[in-house]
Structures are given as C-alpha cells and as structure tokens.
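With PDB, C-alpha atoms inside, this is start.pdb:
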```
ATOM      1  CA  MET N  24      38.726 -73.345  40.532
ATOM      2  CA  GLU N  25      40.756 -71.000  42.641
ATOM      3  CA  ASN N  26      43.037 -70.236  39.729
ATOM      4  CA  SER N  27      40.138 -69.517  37.366
ATOM      5  CA  ARG N  28      38.648 -67.006  39.809
ATOM      6  CA  ASN N  29      41.978 -65.236  40.177
ATOM      7  CA  ALA N  30      42.391 -65.169  36.410
ATOM      8  CA  THR N  31      38.917 -63.620  36.040
ATOM      9  CA  LYS N  32      39.699 -60.950  38.626
ATOM     10  CA  VAL N  33      43.012 -60.163  36.989
ATOM     11  CA  GLY N  34      41.407 -59.938  33.547
ATOM     12  CA  PHE N  35      38.640 -57.634  34.835
ATOM     13  CA  PHE N  36      41.234 -55.424  36.542
ATOM     14  CA  VAL N  37      43.280 -55.227  33.361
ATOM     15  CA  LEU N  38      40.164 -54.319  31.318
ATOM     16  CA  VAL N  39      39.217 -51.513  33.701
ATOM     17  CA  ALA N  40      42.808 -50.261  33.672
ATOM     18  CA  LEU N  41      42.855 -50.232  29.872
ATOM     19  CA  ILE N  42      39.568 -48.323  29.759
ATOM     20  CA  LEU N  43      40.868 -45.748  32.227
ATOM     21  CA  ILE N  44      44.089 -45.384  30.273
ATOM     22  CA  ALA N  45      42.102 -44.860  27.051
ATOM     23  CA  LEU N  46      39.953 -42.170  28.683
ATOM     24  CA  LEU N  47      43.025 -40.441  30.047
ATOM     25  CA  LEU N  48      44.655 -40.504  26.634
ATOM     26  CA  VAL N  49      41.530 -39.038  25.020
ATOM     27  CA  ASN N  50      41.331 -36.267  27.631
ATOM     28  CA  PHE N  51      45.008 -35.436  27.354
ATOM     29  CA  SER N  52      44.798 -35.431  23.563
ATOM     30  CA  LYS N  53      42.047 -32.733  23.778
ATOM     31  CA  GLY N  54      44.256 -30.438  25.782
ATOM     32  CA  ARG N  55      42.817 -30.926  29.236
ATOM     33  CA  GLY N  56      43.390 -33.263  32.117
ATOM     34  CA  LEU N  57      40.834 -35.221  33.958
ATOM     35  CA  PHE N  58      40.583 -32.708  36.769
ATOM     36  CA  THR N  59      41.181 -29.543  34.781
ATOM     37  CA  PRO N  60      38.591 -26.855  35.824
ATOM     38  CA  SER N  61      36.192 -25.776  33.063
ATOM     39  CA  TYR N  62      32.756 -24.199  32.464
ATOM     40  CA  LEU N  63      29.948 -24.884  30.001
ATOM     41  CA  VAL N  64      28.769 -22.491  27.312
ATOM     42  CA  TYR N  65      25.663 -23.358  25.276
ATOM     43  CA  VAL N  66      25.975 -22.222  21.647
ATOM     44  CA  GLY N  67      22.813 -22.032  19.512
ATOM     45  CA  SER N  68      22.828 -22.452  15.738
ATOM     46  CA  GLU N  69      20.314 -23.216  13.000
ATOM     47  CA  ASN N  70      22.620 -25.769  11.391
ATOM     48  CA  VAL N  71      25.856 -27.388  12.593
ATOM     49  CA  GLY N  72      26.830 -28.910   9.249
ATOM     50  CA  GLY N  73      29.267 -31.796   9.914
ATOM     51  CA  LEU N  74      30.213 -30.765  13.459
ATOM     52  CA  LYS N  75      30.434 -33.724  15.847
ATOM     53  CA  ALA N  76      30.708 -34.215  19.583
ATOM     54  CA  GLY N  77      34.328 -34.141  20.714
ATOM     55  CA  ALA N  78      35.305 -31.487  18.147
ATOM     56  CA  SER N  79      37.761 -28.854  19.267
ATOM     57  CA  VAL N  80      36.967 -25.301  20.287
ATOM     58  CA  LEU N  81      39.690 -22.938  19.038
ATOM     59  CA  MET N  82      40.320 -19.292  19.758
ATOM     60  CA  SER N  83      42.868 -17.657  17.440
ATOM     61  CA  GLY N  84      44.038 -21.190  16.577
ATOM     62  CA  VAL N  85      44.628 -22.145  20.250
ATOM     63  CA  PRO N  86      42.539 -25.014  21.732
ATOM     64  CA  VAL N  87      40.439 -23.588  24.575
ATOM     65  CA  GLY N  88      37.903 -26.422  24.964
ATOM     66  CA  SER N  89      35.884 -29.056  23.202
ATOM     67  CA  VAL N  90      32.335 -29.913  22.148
ATOM     68  CA  ASP N  91      30.620 -32.110  24.735
ATOM     69  CA  SER N  92      27.330 -32.731  22.957
ATOM     70  CA  ILE N  93      25.072 -31.587  20.136
ATOM     71  CA  ASP N  94      21.328 -31.644  20.832
ATOM     72  CA  LEU N  95      18.316 -30.716  18.743
ATOM     73  CA  THR N  96      15.771 -28.337  20.279
ATOM     74  CA  LYS N  97      12.214 -29.456  20.948
ATOM     75  CA  ASP N  98      10.755 -27.575  17.963
ATOM     76  CA  GLY N  99      13.420 -29.050  15.680
ATOM     77  CA  ARG N 100      14.360 -25.674  14.169
ATOM     78  CA  SER N 101      17.757 -25.149  15.806
ATOM     79  CA  VAL N 102      20.597 -26.972  17.506
ATOM     80  CA  VAL N 103      22.249 -26.449  20.909
ATOM     81  CA  ILE N 104      26.007 -27.123  21.023
ATOM     82  CA  THR N 105      27.338 -27.740  24.526
ATOM     83  CA  THR N 106      30.943 -26.549  24.669
ATOM     84  CA  ARG N 107      33.284 -27.032  27.591
ATOM     85  CA  ILE N 108      35.718 -24.111  27.929
ATOM     86  CA  LEU N 109      38.803 -24.338  30.103
ATOM     87  CA  LYS N 110      38.614 -22.076  33.129
ATOM     88  CA  GLN N 111      41.945 -20.452  32.376
ATOM     89  CA  PHE N 112      40.552 -18.872  29.182
ATOM     90  CA  ALA N 113      38.319 -15.859  29.826
ATOM     91  CA  ILE N 114      35.992 -15.072  26.923
ATOM     92  CA  HIS N 115      33.916 -11.886  26.692
ATOM     93  CA  ARG N 116      30.260 -12.006  25.701
ATOM     94  CA  ASP N 117      30.850  -9.894  22.563
ATOM     95  CA  ALA N 118      33.061 -12.643  21.096
ATOM     96  CA  ARG N 119      31.803 -14.234  17.869
ATOM     97  CA  PHE N 120      31.261 -18.020  17.731
ATOM     98  CA  GLU N 121      31.540 -19.626  14.295
ATOM     99  CA  ILE N 122      31.526 -23.176  12.934
ATOM    100  CA  GLU N 123      34.489 -23.552  10.580
ATOM    101  CA  GLN N 124      36.270 -26.334   8.755
ATOM    102  CA  SER N 125      39.958 -27.176   8.767
ATOM    103  CA  GLY N 126      40.910 -27.320   5.102
ATOM    104  CA  PHE N 127      38.543 -28.120   2.255
ATOM    105  CA  LEU N 128      37.578 -31.604   3.454
ATOM    106  CA  GLY N 129      38.819 -31.474   7.050
ATOM    107  CA  ASP N 130      36.877 -31.796  10.299
ATOM    108  CA  GLN N 131      34.705 -28.956  11.492
ATOM    109  CA  PHE N 132      35.320 -27.151  14.774
ATOM    110  CA  VAL N 133      33.983 -24.228  16.783
ATOM    111  CA  SER N 134      35.978 -21.050  16.285
ATOM    112  CA  ILE N 135      35.862 -18.127  18.721
ATOM    113  CA  VAL N 136      36.756 -14.679  17.366
ATOM    114  CA  ALA N 137      37.404 -12.043  20.020
ATOM    115  CA  GLY N 138      35.443  -8.813  19.797
ATOM    116  CA  LYS N 139      36.118  -5.451  21.427
ATOM    117  CA  ASN N 140      36.091  -7.060  24.916
ATOM    118  CA  GLU N 141      33.624  -4.438  26.124
ATOM    119  CA  GLU N 142      30.961  -6.797  27.507
ATOM    120  CA  PRO N 143      31.283  -8.979  30.660
ATOM    121  CA  MET N 144      32.882 -12.413  30.744
ATOM    122  CA  LEU N 145      31.003 -15.594  29.898
ATOM    123  CA  LYS N 146      30.043 -17.693  32.916
ATOM    124  CA  ASP N 147      29.047 -21.292  33.384
ATOM    125  CA  GLY N 148      25.670 -21.956  31.747
ATOM    126  CA  ASP N 149      25.565 -18.828  29.511
ATOM    127  CA  ARG N 150      23.974 -19.073  26.090
ATOM    128  CA  ILE N 151      25.193 -17.478  22.874
ATOM    129  CA  VAL N 152      24.270 -17.690  19.189
ATOM    130  CA  ALA N 153      26.766 -18.877  16.570
ATOM    131  CA  GLN N 154      26.877 -18.123  12.872
ATOM    132  CA  GLN N 155      25.894 -20.823  10.414
ATOM    133  CA  PRO N 156      28.738 -22.891   8.930
ATOM    134  CA  PHE N 157      29.679 -22.871   5.292
ATOM    135  CA  ASN N 158      27.658 -25.564   3.520
ATOM    136  CA  ILE N 159      29.238 -26.913   0.349
ATOM    137  CA  GLN N 160      25.988 -28.410  -0.875
ATOM    138  CA  GLU N 161      24.084 -25.143  -0.427
ATOM    139  CA  ALA N 162      26.888 -23.334  -2.212
ATOM    140  CA  ALA N 163      26.754 -25.899  -5.019
ATOM    141  CA  ARG N 164      22.982 -25.499  -5.338
ATOM    142  CA  SER N 165      23.360 -21.711  -5.410
ATOM    143  CA  ALA N 166      26.070 -22.047  -8.047
ATOM    144  CA  MET N 167      23.817 -24.290 -10.128
ATOM    145  CA  GLY N 168      21.005 -21.743  -9.886
ATOM    146  CA  LEU N 169      23.409 -19.009 -10.877
ATOM    147  CA  MET N 170      24.624 -21.062 -13.823
ATOM    148  CA  SER N 171      21.021 -21.585 -14.944
ATOM    149  CA  LYS N 172      20.401 -17.839 -14.766
ATOM    150  CA  LEU N 173      23.637 -17.220 -16.693
ATOM    151  CA  ASP N 174      22.538 -19.692 -19.372
ATOM    152  CA  ALA N 175      19.181 -17.909 -19.722
ATOM    153  CA  ALA N 176      20.959 -14.542 -19.882
ATOM    154  CA  LEU N 177      23.326 -15.867 -22.572
ATOM    155  CA  ILE N 178      20.371 -17.139 -24.585
ATOM    156  CA  ARG N 179      18.744 -13.680 -24.408
ATOM    157  CA  ILE N 180      22.037 -12.018 -25.333
ATOM    158  CA  ASN N 181      22.457 -14.329 -28.318
ATOM    159  CA  GLY N 182      18.910 -13.499 -29.432
ATOM    160  CA  ALA N 183      19.594  -9.773 -29.088
ATOM    161  CA  VAL N 184      22.838 -10.083 -31.083
ATOM    162  CA  ASP N 185      20.995 -12.033 -33.754
ATOM    163  CA  ARG N 186      18.329  -9.325 -33.986
ATOM    164  CA  VAL N 187      21.006  -6.651 -34.215
ATOM    165  CA  ASP N 188      22.694  -8.582 -37.021
ATOM    166  CA  ARG N 189      19.414  -8.920 -38.897
ATOM    167  CA  THR N 190      18.134  -5.375 -38.412
ATOM    168  CA  LEU N 191      21.136  -3.055 -37.990
ATOM    169  CA  LEU N 192      24.018  -4.800 -39.751
ATOM    170  CA  ASN N 193      22.318  -5.802 -42.973
ATOM    171  CA  GLU N 194      23.547  -4.643 -46.380
ATOM    172  CA  VAL N 195      21.036  -1.805 -46.779
ATOM    173  CA  VAL N 196      21.818  -0.274 -43.375
ATOM    174  CA  LEU N 197      25.568  -0.547 -43.932
ATOM    175  CA  THR N 198      25.206   1.110 -47.357
ATOM    176  CA  ASN N 199      23.211   3.955 -45.823
ATOM    177  CA  LEU N 200      25.776   4.324 -43.046
ATOM    178  CA  SER N 201      28.571   4.544 -45.640
ATOM    179  CA  ALA N 202      26.651   7.207 -47.574
ATOM    180  CA  SER N 203      25.983   9.110 -44.328
ATOM    181  CA  ALA N 204      29.675   8.969 -43.454
ATOM    182  CA  VAL N 205      30.550  10.400 -46.891
ATOM    183  CA  ASN N 206      27.990  13.184 -46.455
ATOM    184  CA  ILE N 207      29.258  13.970 -42.964
ATOM    185  CA  ARG N 208      32.820  14.167 -44.283
ATOM    186  CA  SER N 209      31.696  16.534 -47.073
ATOM    187  CA  VAL N 210      29.768  18.707 -44.613
ATOM    188  CA  SER N 211      32.742  18.850 -42.251
ATOM    189  CA  THR N 212      35.001  19.906 -45.148
ATOM    190  CA  ARG N 213      32.576  22.694 -46.079
ATOM    191  CA  ALA N 214      32.329  23.736 -42.461
ATOM    192  CA  ASP N 215      36.113  23.978 -42.221
ATOM    193  CA  ALA N 216      36.184  26.142 -45.345
ATOM    194  CA  LEU N 217      33.414  28.346 -43.962
ATOM    195  CA  VAL N 218      35.279  28.782 -40.670
ATOM    196  CA  THR N 219      38.432  29.676 -42.576
ATOM    197  CA  GLU N 220      36.565  32.307 -44.629
ATOM    198  CA  ALA N 221      34.973  33.707 -41.478
ATOM    199  CA  GLN N 222      38.366  34.020 -39.820
ATOM    200  CA  ALA N 223      39.778  35.761 -42.893
ATOM    201  CA  LEU N 224      36.787  38.127 -42.928
ATOM    202  CA  VAL N 225      37.262  38.927 -39.261
ATOM    203  CA  HIS N 226      40.975  39.575 -39.766
ATOM    204  CA  SER N 227      40.347  41.816 -42.811
ATOM    205  CA  GLN N 228      37.574  43.778 -41.128
ATOM    206  CA  SER N 229      39.243  44.068 -37.758
ATOM    207  CA  PRO N 230      40.098  47.818 -38.201
ATOM    208  CA  VAL N 231      36.475  48.571 -39.105
ATOM    209  CA  ILE N 232      35.242  46.543 -36.152
ATOM    210  CA  ALA N 233      37.699  48.313 -33.839
ATOM    211  CA  SER N 234      36.537  51.717 -35.157
ATOM    212  CA  ALA N 235      32.894  50.746 -34.675
ATOM    213  CA  ILE N 236      33.614  49.626 -31.123
ATOM    214  CA  SER N 237      35.438  52.916 -30.462
ATOM    215  CA  ASN N 238      32.516  54.907 -31.872
ATOM    216  CA  PHE N 239      30.119  52.871 -29.802
ATOM    217  CA  ASN N 240      32.147  53.635 -26.691
ATOM    218  CA  THR N 241      32.170  57.335 -27.551
ATOM    219  CA  LEU N 242      28.420  57.265 -28.158
ATOM    220  CA  SER N 243      27.871  55.538 -24.868
ATOM    221  CA  PHE N 244      29.901  58.182 -23.022
ATOM    222  CA  THR N 245      27.940  60.921 -24.865
ATOM    223  CA  LEU N 246      24.645  59.319 -23.918
ATOM    224  CA  VAL N 247      25.803  59.145 -20.314
ATOM    225  CA  GLY N 248      26.608  62.883 -20.403
ATOM    226  CA  VAL N 249      23.266  63.724 -22.042
ATOM    227  CA  SER N 250      21.499  61.641 -19.444
ATOM    228  CA  SER N 251      23.327  63.492 -16.674
ATOM    229  CA  ASN N 252      22.454  66.893 -18.201
ATOM    230  CA  LEU N 253      18.846  65.801 -18.658
ATOM    231  CA  ASN N 254      18.666  64.764 -15.034
ATOM    232  CA  VAL N 255      20.086  68.147 -13.962
ATOM    233  CA  THR N 256      17.590  69.994 -16.218
ATOM    234  CA  LEU N 257      14.684  67.982 -14.888
ATOM    235  CA  ASP N 258      15.801  68.611 -11.322
ATOM    236  CA  ALA N 259      15.970  72.368 -12.034
ATOM    237  CA  ALA N 260      12.599  72.505 -13.818
ATOM    238  CA  ARG N 261      10.840  70.234 -11.372
ATOM    239  CA  PRO N 262       9.298  73.097  -9.270
ATOM    240  CA  GLU N 263       7.901  74.795 -12.399
ATOM    241  CA  VAL N 264       6.554  71.509 -13.717
ATOM    242  CA  VAL N 265       4.934  70.854 -10.348
ATOM    243  CA  SER N 266       3.394  74.354 -10.371
ATOM    244  CA  VAL N 267       2.054  73.909 -13.921
ATOM    245  CA  LEU N 268       0.568  70.556 -13.000
ATOM    246  CA  HIS N 269      -1.007  72.105  -9.914
ATOM    247  CA  ASN N 270      -2.528  74.964 -11.964
ATOM    248  CA  ALA N 271      -3.780  72.465 -14.532
ATOM    249  CA  SER N 272      -5.373  70.461 -11.761
ATOM    250  CA  GLU N 273      -7.093  73.606 -10.419
ATOM    251  CA  ALA N 274      -8.301  74.479 -13.931
ATOM    252  CA  VAL N 275      -9.728  71.018 -14.374
ATOM    253  CA  GLN N 276     -11.544  71.359 -11.057
ATOM    254  CA  GLU N 277     -12.998  74.757 -12.172
ATOM    255  CA  ILE N 278     -14.109  73.237 -15.490
ATOM    256  CA  LYS N 279     -15.776  70.414 -13.597
ATOM    257  CA  THR N 280     -17.527  72.992 -11.379
ATOM    258  CA  ILE N 281     -18.763  74.995 -14.397
ATOM    259  CA  ALA N 282     -19.957  71.819 -16.094
ATOM    260  CA  GLY N 283     -21.798  70.873 -12.918
ATOM    261  CA  ASP N 284     -23.467  74.299 -12.755
ATOM    262  CA  LEU N 285     -24.492  74.017 -16.395
ATOM    263  CA  GLN N 286     -25.969  70.588 -15.803
ATOM    264  CA  ALA N 287     -27.804  71.908 -12.726
ATOM    265  CA  GLY N 288     -29.208  74.913 -14.695
ATOM    266  CA  HIS N 289     -27.445  77.635 -12.703
ATOM    267  CA  GLY N 290     -26.833  81.029 -14.402
ATOM    268  CA  VAL N 291     -27.841  82.208 -17.876
ATOM    269  CA  ALA N 292     -25.972  79.451 -19.719
ATOM    270  CA  GLY N 293     -27.525  76.822 -17.458
ATOM    271  CA  ALA N 294     -30.965  78.304 -17.993
ATOM    272  CA  LEU N 295     -30.431  78.260 -21.771
ATOM    273  CA  LEU N 296     -29.571  74.594 -21.566
ATOM    274  CA  LYS N 297     -32.468  73.676 -19.294
ATOM    275  CA  ASP N 298     -35.319  76.192 -20.194
ATOM    276  CA  GLU N 299     -36.839  75.539 -23.662
ATOM    277  CA  ALA N 300     -38.713  78.910 -23.870
ATOM    278  CA  MET N 301     -35.636  80.876 -22.965
ATOM    279  CA  ARG N 302     -33.629  78.933 -25.516
ATOM    280  CA  LEU N 303     -36.194  79.884 -28.225
ATOM    281  CA  GLN N 304     -36.139  83.552 -27.178
ATOM    282  CA  PHE N 305     -32.358  83.546 -27.294
ATOM    283  CA  GLY N 306     -32.473  82.049 -30.791
ATOM    284  CA  SER N 307     -34.949  84.743 -31.951
ATOM    285  CA  ALA N 308     -32.788  87.494 -30.485
ATOM    286  CA  VAL N 309     -29.740  86.134 -32.253
ATOM    287  CA  THR N 310     -31.694  86.070 -35.554
ATOM    288  CA  ASN N 311     -32.845  89.706 -35.116
ATOM    289  CA  LEU N 312     -29.341  90.715 -34.234
ATOM    290  CA  ASN N 313     -28.111  89.149 -37.464
ATOM    291  CA  ILE N 314     -30.727  91.104 -39.477
ATOM    292  CA  VAL N 315     -29.810  94.410 -37.800
ATOM    293  CA  SER N 316     -26.119  93.886 -38.346
ATOM    294  CA  SER N 317     -26.765  93.043 -42.025
ATOM    295  CA  ASN N 318     -28.818  96.274 -42.560
ATOM    296  CA  LEU N 319     -26.181  98.357 -40.795
ATOM    297  CA  ALA N 320     -23.551  96.904 -43.071
ATOM    298  CA  ARG N 321     -25.650  97.683 -46.200
ATOM    299  CA  PHE N 322     -27.264 101.104 -45.430
ATOM    300  CA  GLY N 323     -25.178 102.662 -42.632
ATOM    301  CA  ILE N 324     -25.917 103.641 -39.106
ATOM    302  CA  LEU N 325     -28.461 106.427 -40.100
ATOM    303  CA  TYR N 326     -30.667 104.040 -41.999
ATOM    304  CA  THR N 327     -34.321 104.171 -40.959
ATOM    305  CA  PRO N 328     -36.641 101.625 -42.385
ATOM    306  CA  LYS N 329     -39.650 102.993 -44.381
ATOM    307  CA  GLN N 330     -43.026 102.903 -42.744
ATOM    308  CA  PRO N 331     -45.637 101.093 -44.816
ATOM    309  CA  LYS N 332     -48.705 103.157 -46.041
ATOM    310  CA  ARG N 333     -51.970 102.644 -44.339
ATOM    311  CA  LEU N 334     -54.927 101.676 -46.569
ATOM    312  CA  THR N 335     -58.348 103.477 -45.982
ATOM    313  CA  ASN N 336     -61.924 103.001 -47.328
ATOM    314  CA  ASP N 337     -62.375 106.741 -48.530
ATOM    315  CA  VAL N 338     -61.360 106.561 -52.198
ATOM    316  CA  ARG N 339     -62.061 109.623 -54.344
ATOM    317  CA  TYR N 340     -62.022 109.552 -58.169
ATOM    318  CA  THR N 341     -60.354 112.697 -59.704
ATOM    319  CA  GLY N 342     -60.093 111.636 -63.311
ATOM    320  CA  ARG N 343     -62.533 111.592 -66.218
ATOM    321  CA  GLY N 344     -65.686 109.669 -66.293
ATOM    322  CA  ALA N 345     -66.534 107.026 -68.737
ATOM    323  CA  GLY N 346     -68.904 109.241 -70.651
ATOM    324  CA  ARG N 347     -66.539 112.114 -71.153
TER     325      ARG N 347
END
```
Let's see the structure in the file written out as structure tokens.
Amino acid sequence: MENSRNATKVGFFVLVALILIALLLVNFSKGRGLFTPSYLVYVGSENVGGLKAGASVLMSGVPVGSVDSIDLTKDGRSVVITTRILKQFAIHRDARFEIEQSGFLGDQFVSIVAGKNEEPMLKDGDRIVAQQPFNIQEAARSAMGLMSKLDAALIRINGAVDRVDRTLLNEVVLTNLSASAVNIRSVSTRADALVTEAQALVHSQSPVIASAISNFNTLSFTLVGVSSNLNVTLDAARPEVVSVLHNASEAVQEIKTIAGDLQAGHGVAGALLKDEAMRLQFGSAVTNLNIVSSNLARFGILYTPKQPKRLTNDVRYTGRGAGR
C-alpha cells in the first residue's frame, strides 16, 4: 500500500515535470523565455486567412514576438489578433502590420514593416489595423472571372474577324483595291512628270522671273517715293484746302439762309414765290417786256405805234346819188 502511494506520487511528479519541460521547450523555441518581458499589441484585420495562434511575429525577418490568440469581434465582421511583442523591440506606430506566408504553401505569420519612425512607440494594449493577407482562393476566383471575360472577348474578336473576312476581304473588294492601287500608281507617275515639267519651266523662266521681281522692287520703291511726295504736297496744300473748305461751308450757310428767306417770303423773290397776284403781275410785265423788245428789234428805237382812228356817227355822202 505504502509502495503504491509512493509510486503514484512519483508518477504525478514526473508528469508535471514533463509538462513543465514541454512548456519551456515551446517558449524557448519561440524565441522568448518564460520570464522574458513583453507587451501586447492588438492587431485588427477583416480576414486572417490561415493564421493560427502561436504563429511568429517577424520584423525584417527577425522574430520579435508571437501570436497569442485570434478572436472574432462581436459583430462578426473582423478579427482581433493578440500579438505579444518582446519588450526589447521598440516599434513605432507608423509601422505596417501584414499577414504573410512563408513560401507558397508554408505557414502564415505576422510581418511588421517599419515606416518612417515619425510617430510614437507602441505601448501595451495599443490597437492597430493590419492589411488583409493574400488569399489563393480569392485570387483563383478572380483569375477564373478574368478568364471568362477573356473568353467572351475572344469570341467577339473572332466574330469581328469573321465579319471583316466576309465584308472587306472578299473577291470583289480585293479586285477593287487592286484597281485602285493601279490607278494610284498611274496618278503618282503623272504627278512626278508634272512636277518635273514644272521644275524645268521654273528653271527656263528663272531670268524672266528675276527680271519681274527686280521690276516689282523698282516699282515698289517708286511708289514709296510718290507716296512721300504726295504726303509732302498734301502737307503744303493743307492750309489752302482748309480755307477752301471753310469758304465752301460759309457759302452753304448763306445758301441755306437765302433759301430760308425765300421760303419765309422775305424780299421780292420771296414775295413772288408766296404772293399769287404779284406773281401774275410779274408774268404780265415779262410778257410786255418781250413784246417791246421784239418791236425794238424789228422797227428801231424811234418806232411809234400808230394810233387807231376813232369812229363817229356824222357820216356825209359826197358822191352821186342813185338817180343821177
């Protein structure tokens, strides 16, 4: 009985010792001792992929801590990763936390990428947001969607090529294109010949063109001289022209005044225009004057018109009677 109790105590002691040794080995394998000082940083993410508790936390490839736990938030839309960072590693708040994977099929871990180290250090209990990890399944689904879109695009391209073959590359269109190419070649040949003839004409007529240009230059200089002389003449005659224009303006004003007097009936001419009786008398006087001038021209200045005989009632018969 005594021996069985001792054996049970020894076995229990050995079991506890083995458990403690296992825990120590696990802690030492993660890069920290049992009493190594550390602080907790809570990292938020929408998806942790295949990250598990106990995963390593690396900074520039150096282990700086481990993942203690992964918990889902109350609303179920995000995940909180509790990381334990060794006290000896100071991390600034502007550092970037990412969930990466070692190799193509390796375990995932939390990677810390240092920033500009301008913000304060992280302290125990601080919270930070991590970037989402690369998800192979999401990438595969995106690739499948892209392949489907590429297949649809290839189908449309094949249809477009088929339509081009049927509409643009048929025998009639190719024949017309060949004829157009022949016509274009003929036109280009004629154009080359025309350019050659034009060049020959320009070379043969170059003396005439040079003479014409020289004459044009001479004419331009002559016109410049004439223009200068004309300007000088105008400058010299400007006072006289101004005086003539002034006199003409005064004459126009006088004519306007006379016309106004005539319209108002002032003077003899105005009275003739306005008074009907006076106009008739003036017409009669002009008629008499015409008659007098006609008689003077015919009979002379001493001409006196004959006075007509006066008829009386005393008529005496001096001849023979009827009975004689």
Result set, the PyMOL selection byres ((chain N and resi 130) around 12) on current file, as JSON, numbers by chain: {"N": [72, 73, 74, 75, 76, 77, 78, 79, 80, 122, 123, 124, 125, 126, 127, 128, 129, 131, 132, 133]}
Straight-line distance linking atom CA of Pro60 of chain N with atom CA of Lys110 of chain N, stated in Å to one decimal: 5.5 Å
Length of the atom CA of Arg107 of chain N to atom CA of Val64 of chain N vector [Å]: 6.4 Å
Atom pair atom CA of Leu41 of chain N / atom CA of Arg28 of chain N: separation (Å):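 Taking atom CA of Leu41 of chain N and atom CA of Arg28 of chain N, their separation equals 19.9 Å.
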Which residues are close to Glu121 of chain N, i.e. within 6 Å by all atoms listed in the file, leaving aside same-chain residues fewer than 3 positions away? Reply as a PDB file with C-alpha atoms, in the coordinates of the input.
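Writing the result to around02.pdb gives the following:
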```pdb
ATOM      1  CA  VAL N 133      33.983 -24.228  16.783  1.00  0.00           C
ATOM      2  CA  SER N 134      35.978 -21.050  16.285  1.00  0.00           C
ATOM      3  CA  ALA N 153      26.766 -18.877  16.570  1.00  0.00           C
ATOM      4  CA  GLN N 154      26.877 -18.123  12.872  1.00  0.00           C
TER       5      GLN N 154
END
```
Selection dump of the PyMOL selection byres ((chain N and resi 95) around 10), as a list of chain:residue names: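 Written out, the selection comes to N:Gly67, N:Ser68, N:Glu69, N:Asn70, N:Ile93, N:Asp94, N:Thr96, N:Lys97, N:Asp98, N:Gly99, N:Arg100, N:Ser101, N:Val102, N:Val103, N:Ile104.
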Residues returned when the PyMOL selection byres ((chain N and resi 146) around 12) runs on this file, as number ranges by chain: N: 61-65, 107-110, 112-116, 143-145, 147-151
